[in-house]
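Chemist: My file is target.cif. It has mmCIF, C-alpha atoms:
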```cif
data_start
loop_
_atom_site.label_atom_id
_atom_site.label_comp_id
_atom_site.auth_asym_id
_atom_site.auth_seq_id
_atom_site.Cartn_x
_atom_site.Cartn_y
_atom_site.Cartn_z
CA MET A 3 117.85 87.40 125.50
CA ARG A 4 119.98 89.21 128.08
CA ALA A 5 123.14 87.51 126.81
CA ASP A 6 122.42 88.76 123.29
CA ARG A 7 121.80 92.25 124.64
CA LEU A 8 125.10 92.25 126.53
CA VAL A 9 126.94 91.26 123.36
CA SER A 10 125.16 94.00 121.41
CA LEU A 11 126.07 96.53 124.11
CA VAL A 12 129.76 95.62 123.83
CA LEU A 13 129.63 95.82 120.04
CA LEU A 14 127.95 99.24 120.15
CA LEU A 15 130.72 100.53 122.37
CA ARG A 16 133.34 98.98 120.08
CA GLN A 17 131.81 100.72 117.07
CA HIS A 18 131.10 104.15 118.54
CA GLY A 19 133.88 104.43 121.12
CA ARG A 20 131.74 106.16 123.75
CA LEU A 21 127.99 106.27 124.28
CA SER A 22 125.79 107.64 127.03
CA ALA A 23 123.38 105.42 128.95
CA ALA A 24 120.48 107.15 127.18
CA ALA A 25 121.99 106.50 123.73
CA LEU A 26 122.60 102.84 124.58
CA ALA A 27 119.03 102.53 125.85
CA ARG A 28 117.69 103.86 122.53
CA GLU A 29 119.84 101.51 120.48
CA LEU A 30 118.95 98.46 122.57
CA GLU A 31 115.30 99.47 123.05
CA VAL A 32 115.46 99.13 126.85
CA SER A 33 115.40 101.53 129.81
CA THR A 34 118.47 103.40 131.06
CA ARG A 35 118.15 101.46 134.32
CA THR A 36 118.50 98.21 132.38
CA VAL A 37 121.59 99.60 130.63
CA LEU A 38 123.20 100.47 133.97
CA ARG A 39 122.52 96.97 135.28
CA ASP A 40 124.03 95.49 132.11
CA ILE A 41 127.13 97.67 132.51
CA GLU A 42 127.56 96.34 136.06
CA ALA A 43 127.15 92.77 134.81
CA LEU A 44 129.81 93.29 132.14
CA SER A 45 132.24 94.77 134.65
CA ALA A 46 131.66 91.84 137.00
CA ALA A 47 132.37 89.46 134.11
CA GLY A 48 135.74 91.12 133.45
CA VAL A 49 134.79 93.19 130.40
CA PRO A 50 136.89 96.41 130.61
CA VAL A 51 134.05 98.93 130.44
CA TYR A 52 134.42 102.22 132.29
CA ALA A 53 132.44 105.43 132.79
CA GLU A 54 133.60 108.90 131.76
CA ARG A 55 132.06 111.81 133.63
CA GLY A 56 131.17 115.21 132.29
CA ARG A 57 128.99 116.78 129.62
CA HIS A 58 130.35 114.55 126.85
CA GLY A 59 130.84 111.52 129.06
CA GLY A 60 129.40 108.06 128.79
CA PHE A 61 130.57 104.49 128.76
CA ALA A 62 133.53 103.15 126.82
CA LEU A 63 135.76 100.08 126.52
CA LEU A 64 139.48 100.00 127.06
CA PRO A 65 141.29 100.13 123.68
CA GLY A 66 142.18 96.79 122.16
CA PHE A 67 139.25 94.81 123.54
CA ARG A 68 138.08 92.90 120.46
CA THR A 69 138.18 89.64 118.54
CA GLU A 70 138.76 89.47 114.80
CA LEU A 71 137.19 87.33 112.13
CA THR A 72 140.04 86.96 109.66
CA GLY A 73 138.26 84.69 107.18
CA LEU A 74 136.38 87.51 105.43
CA ASN A 75 137.90 89.57 102.65
CA HIS A 76 136.73 93.07 101.74
CA ASP A 77 134.18 92.04 99.09
CA GLU A 78 132.71 89.31 101.31
CA ALA A 79 132.27 91.82 104.14
CA LEU A 80 130.71 94.31 101.73
CA ALA A 81 128.27 91.66 100.48
CA LEU A 82 127.15 90.97 104.05
CA LEU A 83 126.68 94.65 104.83
CA VAL A 84 124.69 95.24 101.64
CA ALA A 85 122.52 92.21 102.42
CA GLY A 86 121.94 93.69 105.85
CA SER A 87 120.65 96.91 104.33
CA ARG A 88 117.69 95.20 102.67
CA ARG A 89 114.30 95.59 104.33
CA GLY A 90 113.04 92.12 103.40
CA ALA A 91 113.93 90.78 106.85
CA GLN A 92 111.31 93.14 108.31
CA ALA A 93 108.58 91.15 106.59
CA PHE A 94 109.62 88.03 108.49
CA GLY A 95 110.08 89.70 111.87
CA LEU A 96 113.87 89.45 111.71
CA GLY A 97 114.71 93.15 111.55
CA SER A 98 116.18 93.44 115.05
CA ALA A 99 118.05 90.15 114.70
CA LEU A 100 119.55 91.34 111.40
CA ALA A 101 120.66 94.64 112.92
CA SER A 102 122.34 92.78 115.77
CA ALA A 103 124.04 90.40 113.35
CA MET A 104 125.37 93.29 111.27
CA LEU A 105 126.87 94.85 114.39
CA LYS A 106 128.70 91.60 115.07
CA VAL A 107 129.91 91.32 111.48
CA VAL A 108 131.31 94.87 111.47
CA ASP A 109 132.99 94.47 114.84
CA ALA A 110 134.55 91.12 113.94
CA LEU A 111 136.17 92.39 110.74
CA PRO A 112 139.92 92.92 110.69
CA GLU A 113 140.89 96.57 111.19
CA SER A 114 142.04 96.93 107.56
CA TYR A 115 138.62 95.88 106.22
CA ARG A 116 136.21 97.32 108.78
CA ASP A 117 136.31 101.00 107.87
CA THR A 118 136.55 100.54 104.11
CA ALA A 119 133.76 97.94 103.94
CA ALA A 120 131.42 100.00 106.10
CA GLY A 121 132.21 103.11 104.05
CA ALA A 122 131.59 101.29 100.78
CA ALA A 123 128.27 99.97 102.04
CA GLU A 124 127.16 103.55 102.65
CA ARG A 125 127.54 104.15 98.90
CA LEU A 126 124.96 101.49 98.00
CA LEU A 127 121.20 101.80 98.58
CA ILE A 128 119.01 98.76 98.07
CA ASP A 129 115.22 99.08 97.63
CA PRO A 130 114.70 102.64 98.94
CA GLU A 131 111.38 103.60 100.53
CA THR A 132 110.44 105.87 97.60
CA ASP A 133 111.06 105.78 93.86
CA LEU A 134 111.95 108.67 91.54
CA LEU A 135 108.29 109.72 91.41
CA SER A 136 108.22 109.99 95.23
CA ARG A 137 105.82 107.08 95.47
CA ARG A 138 106.34 105.67 98.91
CA VAL A 139 106.61 101.97 99.57
CA VAL A 140 103.84 101.03 101.98
CA ASP A 141 105.21 98.95 104.84
CA GLU A 142 102.83 96.26 106.02
CA GLU A 143 102.60 95.85 109.76
CA VAL A 144 102.79 92.26 110.97
CA PRO A 145 102.87 91.71 114.76
CA ASP A 146 106.18 90.17 115.85
CA ALA A 147 104.40 87.45 117.84
CA VAL A 148 102.42 86.38 114.77
CA VAL A 149 105.30 86.24 112.34
CA ALA A 150 107.53 84.52 114.93
CA GLU A 151 104.93 81.77 115.38
CA VAL A 152 104.61 81.33 111.61
CA ARG A 153 108.38 81.26 111.23
CA ARG A 154 108.78 78.61 113.93
CA ALA A 155 106.21 76.36 112.29
CA VAL A 156 107.88 76.72 108.89
CA PHE A 157 111.35 75.85 110.23
CA ALA A 158 110.16 73.06 112.56
CA GLY A 159 107.98 71.46 109.91
CA HIS A 160 104.86 71.60 112.07
CA ARG A 161 101.27 72.31 111.12
CA LEU A 162 99.98 75.82 111.73
CA ARG A 163 96.63 77.34 112.75
CA ILE A 164 96.11 80.87 111.45
CA HIS A 165 93.30 83.36 111.96
CA TYR A 166 93.21 84.78 108.46
CA ALA A 167 91.31 87.79 107.10
CA ALA A 168 90.86 87.19 103.38
CA VAL A 169 89.73 90.12 101.24
CA ASN A 170 86.03 90.94 101.73
CA GLN A 171 85.57 87.92 104.02
CA THR A 172 85.04 87.41 107.74
CA PRO A 173 88.31 86.28 109.43
CA LYS A 174 88.37 82.52 109.95
CA TRP A 175 90.65 80.00 111.63
CA ARG A 176 92.22 77.46 109.30
CA THR A 177 94.87 74.77 109.70
CA VAL A 178 97.59 74.66 107.06
CA ASP A 179 100.80 72.83 106.25
CA PRO A 180 103.47 75.54 105.88
CA ILE A 181 106.02 75.19 103.09
CA GLY A 182 108.03 78.43 103.14
CA LEU A 183 108.08 82.21 103.39
CA VAL A 184 108.52 84.64 100.50
CA THR A 185 109.00 88.41 100.49
CA VAL A 186 108.14 90.50 97.41
CA ARG A 187 108.59 94.29 97.50
CA ASP A 188 108.65 94.12 101.31
CA GLN A 189 105.38 92.19 101.46
CA GLY A 190 105.60 88.83 103.19
CA TYR A 191 103.73 85.70 102.09
CA LEU A 192 103.30 82.23 103.57
CA LEU A 193 103.30 79.40 101.03
CA ALA A 194 101.35 76.44 102.37
CA THR A 195 98.93 73.68 101.50
CA ARG A 196 95.47 73.15 102.95
CA SER A 197 93.80 69.78 102.55
CA GLY A 198 96.43 69.06 99.90
CA ALA A 199 95.69 72.19 97.81
CA ASP A 200 98.20 74.98 97.29
CA ARG A 201 97.49 78.15 99.25
CA THR A 202 99.27 81.52 99.51
CA TYR A 203 98.60 83.74 102.53
CA ARG A 204 99.62 87.36 102.94
CA LEU A 205 101.31 87.74 106.33
CA SER A 206 99.73 91.15 106.97
CA ARG A 207 96.31 89.45 106.90
CA VAL A 208 97.24 86.84 109.50
CA LEU A 209 95.63 88.13 112.71
CA ALA A 210 96.89 85.32 114.96
CA ALA A 211 98.91 82.14 114.57
CA GLU A 212 99.51 78.98 116.59
CA GLU A 213 102.19 76.36 115.89
CA LEU A 214 100.81 72.84 116.37
CA ALA A 215 102.73 69.82 117.61
CA GLU A 216 101.80 67.54 114.70
CA PRO A 217 104.16 67.39 111.72
CA ALA A 218 103.23 69.20 108.52
CA GLN A 219 102.33 67.16 105.45
CA ARG A 220 104.93 68.48 103.04
CA PRO A 221 107.92 67.25 100.99
CA ASP A 222 111.32 67.14 102.67
CA ARG A 223 112.80 69.55 100.12
CA VAL A 224 111.22 72.43 98.22
CA ASP A 225 112.23 74.79 95.40
CA LEU A 226 110.63 77.99 96.70
CA ASP A 227 111.52 79.99 93.60
CA ARG A 228 109.79 77.49 91.33
CA ALA A 229 106.79 77.20 93.69
CA TRP A 230 106.38 80.98 93.73
CA GLN A 231 106.61 81.21 89.94
CA GLU A 232 103.95 78.52 89.52
CA ARG A 233 101.59 80.20 91.96
CA SER A 234 102.17 83.59 90.39
CA THR A 235 101.28 82.17 86.98
CA ARG A 236 98.06 80.66 88.32
CA PHE A 237 97.18 83.95 90.01
CA ARG A 238 97.70 85.94 86.81
CA THR A 239 95.51 83.62 84.75
CA GLY A 240 92.62 83.07 87.17
CA GLY A 241 89.68 84.91 88.70
CA ASP A 242 88.05 87.91 86.99
CA GLN A 243 91.19 89.00 85.18
CA VAL A 244 90.92 90.75 81.83
CA THR A 245 93.28 90.99 78.90
CA VAL A 246 93.66 94.39 77.23
CA LEU A 247 95.34 95.48 73.98
CA VAL A 248 96.97 98.89 74.48
CA ARG A 249 98.98 101.38 72.42
CA VAL A 250 101.26 103.39 74.68
CA ASP A 251 103.89 106.11 74.45
CA PRO A 252 107.29 104.41 75.07
CA ALA A 253 108.04 107.02 77.74
CA ARG A 254 105.04 105.77 79.77
CA ARG A 255 105.58 102.05 79.23
CA GLU A 256 106.96 101.42 82.71
CA VAL A 257 103.98 103.15 84.31
CA LEU A 258 101.60 100.86 82.42
CA VAL A 259 103.61 97.72 83.12
CA GLY A 260 103.93 98.68 86.77
CA THR A 261 100.16 98.61 87.21
CA ALA A 262 99.44 95.50 85.11
CA LEU A 263 99.63 91.92 86.36
CA ALA A 264 101.53 90.64 83.33
CA VAL A 265 102.69 91.52 79.82
CA LEU A 266 101.67 88.77 77.39
CA ALA A 267 102.95 90.31 74.14
CA GLU A 268 104.71 93.45 72.94
CA GLU A 269 105.64 94.97 69.59
CA THR A 270 106.51 98.38 68.14
CA ASP A 271 104.17 100.10 65.67
CA ALA A 272 105.44 102.04 62.62
CA ASP A 273 104.99 105.37 64.43
CA GLY A 274 107.19 104.24 67.33
CA ARG A 275 104.36 103.64 69.79
CA LEU A 276 104.32 100.33 71.63
CA ARG A 277 101.49 97.84 71.28
CA LEU A 278 101.14 95.68 74.40
CA GLU A 279 98.82 92.88 75.40
CA VAL A 280 98.52 93.06 79.20
CA THR A 281 96.35 91.56 81.92
CA PHE A 282 94.66 93.34 84.83
CA GLN A 283 93.05 91.97 87.97
CA ASP A 284 89.51 92.89 86.89
CA PRO A 285 87.62 95.40 84.67
CA ARG A 286 87.76 98.13 87.32
CA HIS A 287 91.54 97.73 87.60
CA ALA A 288 91.93 97.99 83.82
CA GLU A 289 89.80 101.12 83.58
CA TRP A 290 91.69 102.79 86.45
CA ALA A 291 95.12 101.96 84.98
CA LEU A 292 94.32 103.32 81.51
CA TRP A 293 92.65 106.44 82.92
CA GLN A 294 95.85 107.34 84.78
CA LEU A 295 97.76 107.48 81.49
CA ALA A 296 95.31 109.91 79.82
CA THR A 297 96.26 110.37 76.13
CA SER A 298 99.63 108.65 76.57
CA ALA A 299 97.87 105.33 76.10
CA GLU A 300 94.94 104.09 74.04
CA ALA A 301 92.90 100.98 74.82
CA LEU A 302 92.36 99.21 71.50
CA ALA A 303 90.38 96.29 72.89
CA PRO A 304 88.08 95.17 74.39
CA GLN A 305 85.35 97.53 73.26
CA TRP A 306 83.70 97.78 76.68
CA LEU A 307 86.89 99.34 78.06
CA ARG A 308 87.02 101.96 75.28
CA ALA A 309 83.38 102.79 76.00
CA ALA A 310 83.99 103.06 79.74
CA LEU A 311 86.92 105.45 79.23
CA ARG A 312 84.94 107.52 76.72
CA ASP A 313 81.97 107.83 79.08
CA ARG A 314 84.22 108.82 81.98
CA ALA A 315 85.94 111.50 79.86
CA ALA A 316 82.57 112.83 78.66
CA ALA A 317 81.32 113.10 82.24
CA ILE A 318 84.43 115.03 83.30
CA ALA A 319 84.12 117.35 80.27
CA ALA A 320 80.47 118.04 81.05
CA PHE A 321 81.22 118.72 84.68
CA TYR A 322 83.93 121.27 83.93
CA GLY A 323 81.98 122.77 81.05
CA SER A 324 79.48 124.30 83.49
CA GLN A 325 79.98 127.32 85.72
CA PRO A 326 81.79 126.57 89.01
CA GLY A 327 79.65 126.26 92.14
#
```
Would you encode the structure as structure tokens?

Modeler:
Amino acid sequence: MRADRLVSLVLLLRQHGRLSAAALARELEVSTRTVLRDIEALSAAGVPVYAERGRHGGFALLPGFRTELTGLNHDEALALLVAGSRRGAQAFGLGSALASAMLKVVDALPESYRDTAAGAAERLLIDPETDLLSRRVVDEEVPDAVVAEVRRAVFAGHRLRIHYAAVNQTPKWRTVDPIGLVTVRDQGYLLATRSGADRTYRLSRVLAAEELAEPAQRPDRVDLDRAWQERSTRFRTGGDQVTVLVRVDPARREVLVGTALAVLAEETDADGRLRLEVTFQDPRHAEWALWQLATSAEALAPQWLRAALRDRAAAIAAFYGSQPG
């Protein structure tokens, strides 16, 4: 760990030119005392780092101290920097490792590529935290120790014990055979089997994890994309899900689709409105989704949903038809 931190310290100085001990401590997430000890270690190892006194002082490297990675062209470097801007690594507990790797990539670029690639990467934003309607992406907290243990079991091919809190159930320990990790909209999932049956576990609901020594019962190779598609299909077609026929204003289509589990059919009516057949998780989900769209959407079927929306609207009208207070 200390060796990685020393490398990151050198790369930070290469990138910024001069940084104070406090700034280095913030970047490396250590104390200023640790930074000072690391500076001494680098000096003893022959790294040309020196201190500048004064109000704007700090630590810096002698000019020219660098190595170059000449195998990358501009577009390849840009692709790496854009990949590094994605937040998916956070779901797997690799955020700090990714940040460190990006520092190394930028520092190792030839001089002619470094500035232009980094500048171009600043012009691209991947998966921002909010959309145009200011709806914020909710980050799910997964303890680093938990996700690290899950990750080790997946890569080593070992069985895994997890303390899992399923929805509306008491947390229980279970032993699974991990297959792979998937991130969707910054939410991490563990694909596994349990007693031979496919299982999908949300990482944010794993309270504790323990890698076991015994090998996992799983195929040597896996197509994660195909496995995820198959499980997604089973999820959309199981449980208490309901299918609804809806007429919707084209301008509000994306809002409807964004709340539904799946779109099964779609066509355009003569008046320009869209007629969609969509599925929702359960009746309550369907009623909530259609209520949000007010008169921009009309539930055509099933009848119980039309009745539920009518009764809700009548109750609201009655409530506001009386005097306030």

Chemist: Using CA of Thr172 in chain A and CA of Ala211 in chain A as the two end points, give the distance in Å to one decimal.

Modeler: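 Here the two named atoms are 16.3 Å from each other.
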
Chemist: Using Å and a single decimal, report how far CA of Thr281 in chain A sits from CA of Trp306 in chain A.

Modeler: 15.0 Å

Chemist: One decimal, in Å: what's the spacing between CA of Ser10 in chain A and CA of Gly48 in chain A?

Modeler: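 The value is 16.3 Å.
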
Chemist: Would you kindly return, as a ChimeraX atom specification, each protein, DNA or RNA residue with an atom no farther than 8 Å from any atom of Val246 in chain A, considering all atoms listed in the file and excluding same-chain residues fewer than 2 positions away?

Modeler: /A:244,248,279-282,288,301-304

Chemist: Counting all atoms listed in the file, which residue out of A:Thr297, A:Thr36, A:Gln219, A:Thr235 sits closest to Gly159 in chain A?

Modeler: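 The answer is A:Gln219, which sits nearest to Gly159 in chain A.
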
Chemist: For range 253-264 of chain A, please output as JSON, numbers by chain all residues within 12 Å (counting all atoms listed in the file; exclusion window: fewer than 4 positions along the same chain).

Modeler: {"A": [135, 137, 234, 235, 236, 237, 238, 239, 240, 243, 244, 245, 246, 247, 248, 249, 268, 269, 270, 274, 275, 276, 277, 278, 279, 280, 281, 282, 283, 284, 285, 287, 288, 289, 290, 291, 292, 293, 294, 295, 296, 297, 298, 299, 300, 301]}

Chemist: Report as a list in words all protein, DNA and RNA residues lying within 8 Å of range 220-225 of chain A, evaluated on all atoms listed in the file, omitting residues in the same chain fewer than 6 positions from it.

Modeler: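 Once the nearby chain positions are removed, what remains is Asp179, Pro180 and Ile181 of chain A.
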
Chemist: Can I get the selection written as a compact mmCIF listing (two decimals), in the frame of the given file, with C-alpha atoms?

Modeler:
```
# COMPACT_ATOMS: atom_id res chain seq x y z
CA ASP A 179 100.80 72.83 106.25
CA PRO A 180 103.47 75.54 105.88
CA ILE A 181 106.02 75.19 103.09
```

Chemist: Enumerate, in order of chain and increasing residue number, the residues of range 190-289 of chain A with an atom no farther than 9 Å from range 151-158 of chain A, each with its shortest atom pair and distance in Å to one decimal, counting all atoms listed in the file, as CSV.

Modeler:
```
residue,atom,partner,partner_atom,distance
A:Leu192,CA,A:Val152,CA,8.2
A:Leu205,CA,A:Val152,CA,8.9
A:Ala210,CA,A:Glu151,CA,8.8
A:Ala211,CA,A:Glu151,CA,6.1
A:Glu212,CA,A:Glu151,CA,6.2
A:Glu213,CA,A:Ala155,CA,5.4
A:Leu214,CA,A:Ala155,CA,7.6
A:Pro217,CA,A:Ala158,CA,8.3
A:Ala218,CA,A:Ala155,CA,8.6
```

Chemist: Go ahead and save the picked residues with C-alpha atoms, as a CSV table (one decimal), in the coordinates of the input.

Modeler:
```csv
chain,number,residue,atom,x,y,z
A,192,LEU,CA,103.3,82.2,103.6
A,205,LEU,CA,101.3,87.7,106.3
A,210,ALA,CA,96.9,85.3,115.0
A,211,ALA,CA,98.9,82.1,114.6
A,212,GLU,CA,99.5,79.0,116.6
A,213,GLU,CA,102.2,76.4,115.9
A,214,LEU,CA,100.8,72.8,116.4
A,217,PRO,CA,104.2,67.4,111.7
A,218,ALA,CA,103.2,69.2,108.5
```

Chemist: Do you know which residues the PyMOL selection byres ((chain A and resi 164) around 7) returns on this file, as a VMD selection string?

Modeler: chain A and resid 162 to 163 165 to 166 175 to 177 208 210 to 212

Chemist: Rank nothing, just name the residue among A:Tyr203, A:Tyr191, A:Pro65, A:Ala309 nearest to Gln17 in chain A, using only C-alpha atoms.

Modeler: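 Smallest distance to Gln17 in chain A is found for A:Pro65.
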
Chemist: Given the point (130.3, 99.2, 124.8) in the file's coordinates, find the residues that have an atom at most 12 Å from it, counting only C-alpha atoms, and give them as a ChimeraX atom specification.

Modeler: /A:7-23,25-27,29-30,37-38,40-42,44-45,49-53,60-65,67-68,105,109

Chemist: How about saving the chosen residues, C-alpha atoms kept, as a short mmCIF file (atom, residue, chain, number, x, y, z; two decimals), keeping the file's coordinate frame?

Modeler:
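As written to disk, part-v4.cif reads:
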```
data_model
loop_
_atom_site.label_atom_id
_atom_site.label_comp_id
_atom_site.auth_asym_id
_atom_site.auth_seq_id
_atom_site.Cartn_x
_atom_site.Cartn_y
_atom_site.Cartn_z
CA ARG A 7 121.80 92.25 124.64
CA LEU A 8 125.10 92.25 126.53
CA VAL A 9 126.94 91.26 123.36
CA SER A 10 125.16 94.00 121.41
CA LEU A 11 126.07 96.53 124.11
CA VAL A 12 129.76 95.62 123.83
CA LEU A 13 129.63 95.82 120.04
CA LEU A 14 127.95 99.24 120.15
CA LEU A 15 130.72 100.53 122.37
CA ARG A 16 133.34 98.98 120.08
CA GLN A 17 131.81 100.72 117.07
CA HIS A 18 131.10 104.15 118.54
CA GLY A 19 133.88 104.43 121.12
CA ARG A 20 131.74 106.16 123.75
CA LEU A 21 127.99 106.27 124.28
CA SER A 22 125.79 107.64 127.03
CA ALA A 23 123.38 105.42 128.95
CA ALA A 25 121.99 106.50 123.73
CA LEU A 26 122.60 102.84 124.58
CA ALA A 27 119.03 102.53 125.85
CA GLU A 29 119.84 101.51 120.48
CA LEU A 30 118.95 98.46 122.57
CA VAL A 37 121.59 99.60 130.63
CA LEU A 38 123.20 100.47 133.97
CA ASP A 40 124.03 95.49 132.11
CA ILE A 41 127.13 97.67 132.51
CA GLU A 42 127.56 96.34 136.06
CA LEU A 44 129.81 93.29 132.14
CA SER A 45 132.24 94.77 134.65
CA VAL A 49 134.79 93.19 130.40
CA PRO A 50 136.89 96.41 130.61
CA VAL A 51 134.05 98.93 130.44
CA TYR A 52 134.42 102.22 132.29
CA ALA A 53 132.44 105.43 132.79
CA GLY A 60 129.40 108.06 128.79
CA PHE A 61 130.57 104.49 128.76
CA ALA A 62 133.53 103.15 126.82
CA LEU A 63 135.76 100.08 126.52
CA LEU A 64 139.48 100.00 127.06
CA PRO A 65 141.29 100.13 123.68
CA PHE A 67 139.25 94.81 123.54
CA ARG A 68 138.08 92.90 120.46
CA LEU A 105 126.87 94.85 114.39
CA ASP A 109 132.99 94.47 114.84
#
```

Chemist: To test your reading of the syntax: which residues would the PyMOL selection byres ((chain A and resi 226) around 9) return for the file shown? Reply as number ranges by chain.

Modeler: A: 181-184, 193, 224-225, 227-231
